[in-house]
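A quick write-up on the structure given underneath.
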Amino acid sequence: MKSSVYECSIVHLPKIHNEAGNLTALDNQVNIPFDVKRVYYLYDVPGGAERGGHGHKNLQQFIMALSGSFDVLIDDGINKKVVHLDRPYIGLHVVAGIWRELINFSSGAICLVLASEKYTEEDYLRDFEAFKIFKH
């Protein structure tokens with residue numbers, strides 16, 4: 001699989017402003033570039049902790065900071081890139097075949113992840129050396 005960090009993209013979602021509070025809607029195949037089959041979120045991440053630390057063979061993700069901030073390190077086995085997420089209307093689309101690590105969580109951060117597939121352990125690449133072999 002020859003996917004690259006350059007295929008991952010930052011997506012600015014529509015923000016509907018209202019004096020009573022803002023609203024952002026997420027729609028499959030519109031502002032989310034796949035059909036969402038699983039949703040989960042990370043919260044109460046202790047200071048200094050890291051999440052992720054794996055790649056996926058087929059699954060795509062759309063990652064957002066609903067509250068607070070964190071960094072997403074993406075790595076295709078050759079190139080690395082760090083994306084800072086700190087707004088609930090900005091998401092990061094991570095294509096399949098990319099290693100990802102979530103780091104530098106602020107206090108109270110909430111990370112929302114929309115996934116293109118249901119959970120299957122077989123899709124995970126949890127060892128970076130095995131990930132690099134899979135990539136080439």
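Chain labels A, B, ... are given in the sequence in which chains occur in the structure tokens; within each chain residues are numbered consecutively from 1, and ligands are likewise numbered from 1 in the order shown.
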Could you write out, as a VMD selection string, all the residues of chain A that DSSP marks as helix (DSSP H, G or I)? chain A and resid 5 to 7 121 to 123 128 to 135
What's around A:Phe62 at 9 Å? Count only C-alpha atoms, leave out sequence neighbours fewer than 3 positions away in its own chain, and write the answer as a PyMOL selection string. chain A and resi 32-33+91-95+112-116
How would the residues just picked look written out with C-alpha atoms as an mmCIF file, in the first residue's frame?
```
data_model
loop_
_atom_site.group_PDB
_atom_site.id
_atom_site.type_symbol
_atom_site.label_atom_id
_atom_site.label_comp_id
_atom_site.auth_asym_id
_atom_site.auth_seq_id
_atom_site.Cartn_x
_atom_site.Cartn_y
_atom_site.Cartn_z
ATOM 1 C CA ILE A 32 -16.777 13.397 5.851
ATOM 2 C CA PRO A 33 -15.058 11.703 2.873
ATOM 3 C CA GLY A 91 -10.902 17.708 11.271
ATOM 4 C CA LEU A 92 -8.040 15.597 9.994
ATOM 5 C CA HIS A 93 -8.813 12.925 7.405
ATOM 6 C CA VAL A 94 -6.315 10.067 7.839
ATOM 7 C CA VAL A 95 -6.309 7.630 4.929
ATOM 8 C CA LEU A 112 -13.692 12.509 18.436
ATOM 9 C CA VAL A 113 -12.874 9.822 15.868
ATOM 10 C CA LEU A 114 -15.157 8.847 12.995
ATOM 11 C CA ALA A 115 -14.110 5.572 11.364
ATOM 12 C CA SER A 116 -14.886 4.120 7.948
#
```
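Of the residues listed (A:Asn18, A:Asn58, A:Asn104, A:Asn31), A:Asn58 shows the shortest atom-to-atom separation from A:Tyr124; distances use only C-alpha atoms.
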Spatial neighbours of A:Ile78, max dist 10 Å, only C-alpha atoms, sep filter under 2 positions, as JSON, numbers by chain: {"A": [4, 5, 75, 76, 80, 132, 135]}
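In this structure, atom CA of A:Ser3 sits 21.8 Å away from atom CA of A:Leu85.
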Could you check which of A:Ala65, A:Leu59, A:Val83, A:Ile133 is closest to A:Ile10, using only C-alpha atoms? A:Val83
Compile the contact shell of A:Asp123 as an mmCIF file with N, CA and C atoms, in the first residue's frame: residues with an atom at most 12 Å away, counting only C-alpha atoms, same-chain residues fewer than 6 positions apart removed.
```cif
data_model
loop_
_atom_site.group_PDB
_atom_site.id
_atom_site.type_symbol
_atom_site.label_atom_id
_atom_site.label_comp_id
_atom_site.auth_asym_id
_atom_site.auth_seq_id
_atom_site.Cartn_x
_atom_site.Cartn_y
_atom_site.Cartn_z
ATOM 1 N N HIS A 54 -0.436 3.182 16.090
ATOM 2 C CA HIS A 54 -0.733 2.061 15.207
ATOM 3 C C HIS A 54 -1.109 2.579 13.820
ATOM 4 N N GLY A 55 -1.222 1.666 12.889
ATOM 5 C CA GLY A 55 -1.705 1.962 11.552
ATOM 6 C C GLY A 55 -2.887 1.062 11.246
ATOM 7 N N HIS A 56 -3.554 1.348 10.145
ATOM 8 C CA HIS A 56 -4.669 0.523 9.691
ATOM 9 C C HIS A 56 -4.445 0.110 8.246
ATOM 10 N N LYS A 57 -4.802 -1.111 7.937
ATOM 11 C CA LYS A 57 -4.676 -1.616 6.573
ATOM 12 C C LYS A 57 -5.733 -1.005 5.659
ATOM 13 N N ASN A 58 -6.979 -0.903 6.137
ATOM 14 C CA ASN A 58 -8.089 -0.447 5.289
ATOM 15 C C ASN A 58 -8.889 0.723 5.852
ATOM 16 N N LEU A 59 -8.886 0.873 7.150
ATOM 17 C CA LEU A 59 -9.729 1.853 7.809
ATOM 18 C C LEU A 59 -9.220 3.279 7.621
ATOM 19 N N GLN A 60 -10.152 4.196 7.360
ATOM 20 C CA GLN A 60 -9.875 5.624 7.325
ATOM 21 C C GLN A 60 -10.452 6.246 8.589
ATOM 22 N N ALA A 96 -6.147 5.212 4.886
ATOM 23 C CA ALA A 96 -5.618 3.899 5.275
ATOM 24 C C ALA A 96 -4.127 3.836 4.968
ATOM 25 N N GLY A 97 -3.415 2.996 5.718
ATOM 26 C CA GLY A 97 -1.994 2.801 5.468
ATOM 27 C C GLY A 97 -1.110 3.888 6.051
ATOM 28 N N SER A 116 -14.232 4.629 9.157
ATOM 29 C CA SER A 116 -14.886 4.120 7.948
ATOM 30 C C SER A 116 -15.294 2.655 8.063
ATOM 31 N N GLU A 117 -14.808 1.976 9.086
ATOM 32 C CA GLU A 117 -15.102 0.545 9.261
ATOM 33 C C GLU A 117 -15.409 0.264 10.731
ATOM 34 N N PHE A 131 4.445 -2.498 10.250
ATOM 35 C CA PHE A 131 3.776 -1.484 9.443
ATOM 36 C C PHE A 131 4.617 -1.146 8.206
ATOM 37 N N PHE A 134 4.489 -3.929 5.709
ATOM 38 C CA PHE A 134 3.179 -3.913 5.032
ATOM 39 C C PHE A 134 3.145 -2.846 3.942
#
```
Under the rule that only C-alpha atoms are counted, which of A:Gly77, A:Phe34, A:Ala20, A:Asp86 is the nearest residue to A:Gln61? A:Phe34
Show which residues sit within 7 Å of A:Tyr89, as a ChimeraX atom specification. Count only C-alpha atoms, and ignore same-chain residues fewer than 3 positions away. /A:12-15,24
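Distance annotation: of A:Glu50, A:Ile110, A:Asp44, A:Ala25, the residue with the minimal separation from A:Met64 is A:Ile110; atom set is only C-alpha atoms.
You will find atom CA of A:Val36 at 18.3 Å from atom CA of A:Ile98.
Taking only C-alpha atoms into account, A:Asn22 lies nearest to A:Pro88 out of the set A:Pro88, A:Tyr119, A:Ser107, A:Leu102.
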